[in-house]
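Participant: Quick one: the structure is below, and I'll ask about it shortly.
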Amino acid sequence: MRFVLRRVGSAVILLFAASLLVYVLLSPAFGDVARNILGENASEQQIVKLTEQLGLNQPVLVQYAHWLGHVFTGDLGTSYFTSQPVWDVIAARIPVTVSLVLLVTVFSGLIGFAVGVLAAVRRGWLDRILQIATTVGDALPAFIIALFLVTVVAVQWKLLPPTGYTPLADSPVDWARSLILPVVALTIVGIAGVAQQVRSATIATLDRDFVRTLRSRGLSEKRIILVNVLRNASTTGLTALAIQVVGILGGAVVVEQIFALPGLGSLAIEATARADLPIILGTVLAYVLIVVIVNLLVDLAVAWLNPKVRLS
């Protein structure tokens, strides 16, 4: 329980630090927000009045303190341009990004672990081929893979829809079809990082004394690898997977634009273009919360696999 409380406490501090950093960095960068809202033809008096109404005439830290106070009550503010509650806007967009990230994380983990263990156990030409494949996958940006998939698979072959998103509640089949290409584009990148780490951890574990002892007792190689070696190598692989989630979220911003997915990534780009700070802050909190939850789940899994972690 103390381990869980420490991790939750770290997550709260991370949320606070990320929101403060974004607020302090972006507030001056957007310039005259009131003029952006009212347009170039607005009078100086109108601009001053709106600036006071929004509280933008106060110091940045004071503005942040007011915003943070509202956050603790569940109020993320309203959009400067649409007057919609930020929470409603994010609630409408977050299922798309969560679906994308969840599917990519699961497939990256499963395939990455399988490829990494296979490369470590078989070695030889298979290991070299897998090493080349994972290196190429790690080097290719997700948006390049996405552009290739949408051009070839969707436009030329017409096998899947090139753009758009169907909610899961409307049609599970169309929901899956709309996510296949973006998930594949992001998973290829995720697999590469996980597979490399799992391979290295598996090779190191296979050389340890306890593995030789298990072999001398007559245990089958399959049992040793799947039960003992994989359990020890999983901590490194899960940690690599948690790190990959950050890259997956970063890649999702561009991939959502390519496939016209109405997720948090496209929302962040739209809000940044309009200097809509409340929307941007809400989006940042949503992104950080996704990363925190994934990392917390990974920490719990690692602690379960390796009890020494709970005592560190």
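Identifiers in this document derive from the order of the structure tokens: chains are assigned A, B, ..., residues are numbered from 1 separately in each chain, and ligands are numbered from 1 in order of occurrence.
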So that each row is one residue of range 172-237 of chain A with an atom at most 6 Å from range 107-115 of chain A, can you give its shortest atom pair and the distance in Å to one decimal, using only C-alpha atoms, rows by chain and rising number, as JSON lines?
Facilitator:
```
{"residue": "A:Thr187", "atom": "CA", "partner": "A:Ser108", "partner_atom": "CA", "distance": 5.4}
{"residue": "A:Gly190", "atom": "CA", "partner": "A:Ser108", "partner_atom": "CA", "distance": 5.2}
{"residue": "A:Ile191", "atom": "CA", "partner": "A:Gly112", "partner_atom": "CA", "distance": 4.6}
{"residue": "A:Val194", "atom": "CA", "partner": "A:Gly112", "partner_atom": "CA", "distance": 5.1}
{"residue": "A:Ala195", "atom": "CA", "partner": "A:Gly112", "partner_atom": "CA", "distance": 4.3}
```
Participant: Using the chain letters and numbers from this document, which residues of range 68-212 of chain A does DSSP assign to alpha helix (DSSP H), as a PyMOL selection string?
Facilitator: chain A and resi 68-71+86-122+124-139+142-149+172-206+209-212
Participant: Residues of range 164-221 of chain A that have any atom at most 6 Å from an atom of range 131-144 of chain A: could you tabulate them with the shortest-distance atom pair and the distance in Å to one decimal, using only C-alpha atoms, ordered by chain and increasing number, as a tab-separated table?
Facilitator:
```
residue	atom	partner	partner_atom	distance
A:Ala185	CA	A:Ala142	CA	5.6
A:Leu186	CA	A:Ala142	CA	5.6
A:Ile188	CA	A:Gly137	CA	5.9
A:Val189	CA	A:Gly137	CA	5.3
A:Ala192	CA	A:Thr134	CA	4.4
```
Participant: A:Gln156, A:Ala273, A:Leu181, A:Arg208: which is nearest Asn228 in chain A, counting only C-alpha atoms?
Facilitator: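 The closest residue to Asn228 in chain A is A:Arg208.
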Participant: Can you tell me, as a PyMOL selection string, what residues are no more than 9 Å from Phe81 in chain A when counting only C-alpha atoms, ignoring any on the same chain fewer than 4 positions away?
Facilitator: chain A and resi 37+274+276
Participant: For range 264-266 of chain A, please output as a list in words all residues within 8 Å (counting only C-alpha atoms; exclusion window: fewer than 2 positions along the same chain).
Facilitator: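 The filter keeps Ile90, Arg93, Ile94, Val96, Thr97, Ala252, Val253, Val254, Glu256, Gln257, Ala260, Leu261, Pro262, Ala268, Ile269, Glu270 and Thr283 of chain A.
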Participant: So that I have them on file, write out the residues from the current selection with C-alpha atoms, as a tab-separated table (two decimals), in the first residue's frame.
Facilitator:
```tsv
chain	number	residue	atom	x	y	z
A	90	ILE	CA	-12.26	16.92	-23.85
A	93	ARG	CA	-12.47	13.77	-27.83
A	94	ILE	CA	-10.74	11.58	-25.27
A	96	VAL	CA	-10.67	8.44	-29.64
A	97	THR	CA	-7.18	8.99	-28.22
A	252	ALA	CA	-0.75	10.19	-32.16
A	253	VAL	CA	-0.92	13.98	-32.49
A	254	VAL	CA	0.28	13.82	-36.10
A	256	GLU	CA	-4.76	11.82	-35.81
A	257	GLN	CA	-4.34	14.69	-38.24
A	260	ALA	CA	-8.79	12.96	-39.53
A	261	LEU	CA	-9.46	11.38	-36.15
A	262	PRO	CA	-11.30	13.71	-33.73
A	268	ALA	CA	-4.45	20.40	-29.27
A	269	ILE	CA	-3.37	21.58	-32.73
A	270	GLU	CA	-6.64	23.47	-33.27
A	283	THR	CA	-5.61	18.69	-23.19
```
Participant: I need the residue nearest Asn57 in chain A from this list: A:Gln197, A:Thr73, A:Ser27, A:Ser171. Use only C-alpha atoms for the distance.
Facilitator: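 Closest residue, counting only C-alpha atoms: A:Ser27.
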Participant: Let me make sure I understand: among A:Leu56, A:Val86, A:Val22, A:Leu230, which one has the smallest atom-to-atom distance to His70 in chain A if we use only C-alpha atoms?
Facilitator: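 The closest residue to His70 in chain A is A:Val86.
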Participant: Do you know which residues are at most 12 Å from range 210-227 of chain A counting only C-alpha atoms, after dropping those on the same chain fewer than 2 positions away, and could you put them as a list in words?
Facilitator: Phe113, Ala114, Val117, Leu118, Ala120, Val121, Arg122, Thr202, Ile203, Ala204, Thr205, Leu206, Asp207, Arg208, Val229, Leu230, Arg231, Asn232, Ala233, Ser234 and Leu305 of chain A
Participant: In Å, how far is it from CA of Tyr64 in chain A to CA of Ile248 in chain A?
Facilitator: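 The value is 28.7 Å.
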Participant: For Ala34 in chain A, list every protein, DNA or RNA residue within 9 Å, evaluated using only C-alpha atoms, and leave out those in the same chain fewer than 3 positions away; present the list as a PyMOL selection string.
Facilitator: chain A and resi 31+37-39+46-51+54+56+80
Participant: Could you tell me how far CA of Val104 in chain A lies from CA of Val183 in chain A, in Å and to one decimal?
Facilitator: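 Separation between CA of Val104 in chain A and CA of Val183 in chain A: 5.6 Å.
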Participant: For Val8 in chain A, find every residue with an atom within 10 Å (counting only C-alpha atoms), except residues of its own chain fewer than 6 positions away, and show them as a list in words.
Facilitator: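 Final neighbour list, sorted by chain and number: Arg2, Leu14, Val292, Ile293 and Leu296 of chain A.
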Participant: Those residues you just picked out, can you put them in a file as an mmCIF file, in the first residue's frame with N, CA and C atoms?
Facilitator:
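So the final result, stored in selection_8.cif, reads:
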```cif
data_model
loop_
_atom_site.group_PDB
_atom_site.id
_atom_site.type_symbol
_atom_site.label_atom_id
_atom_site.label_comp_id
_atom_site.auth_asym_id
_atom_site.auth_seq_id
_atom_site.Cartn_x
_atom_site.Cartn_y
_atom_site.Cartn_z
ATOM 1 N N ARG A 2 1.943 1.241 0.771
ATOM 2 C CA ARG A 2 2.828 2.406 0.791
ATOM 3 C C ARG A 2 3.439 2.638 -0.579
ATOM 4 N N LEU A 14 3.502 15.340 -10.605
ATOM 5 C CA LEU A 14 3.760 15.455 -12.042
ATOM 6 C C LEU A 14 2.660 16.246 -12.736
ATOM 7 N N VAL A 292 0.380 9.031 -16.752
ATOM 8 C CA VAL A 292 0.484 8.690 -15.329
ATOM 9 C C VAL A 292 -0.211 7.360 -15.045
ATOM 10 N N ILE A 293 -1.396 7.173 -15.603
ATOM 11 C CA ILE A 293 -2.138 5.931 -15.363
ATOM 12 C C ILE A 293 -1.389 4.732 -15.932
ATOM 13 N N LEU A 296 1.635 4.073 -13.803
ATOM 14 C CA LEU A 296 1.238 3.499 -12.516
ATOM 15 C C LEU A 296 0.920 2.016 -12.669
#
```
Participant: Taking only C-alpha atoms into account, name the residue in A:Ala146, A:Val245, A:Ala286, A:Val89 that is nearest to Leu103 in chain A.
Facilitator: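 Smallest distance to Leu103 in chain A is found for A:Val245.
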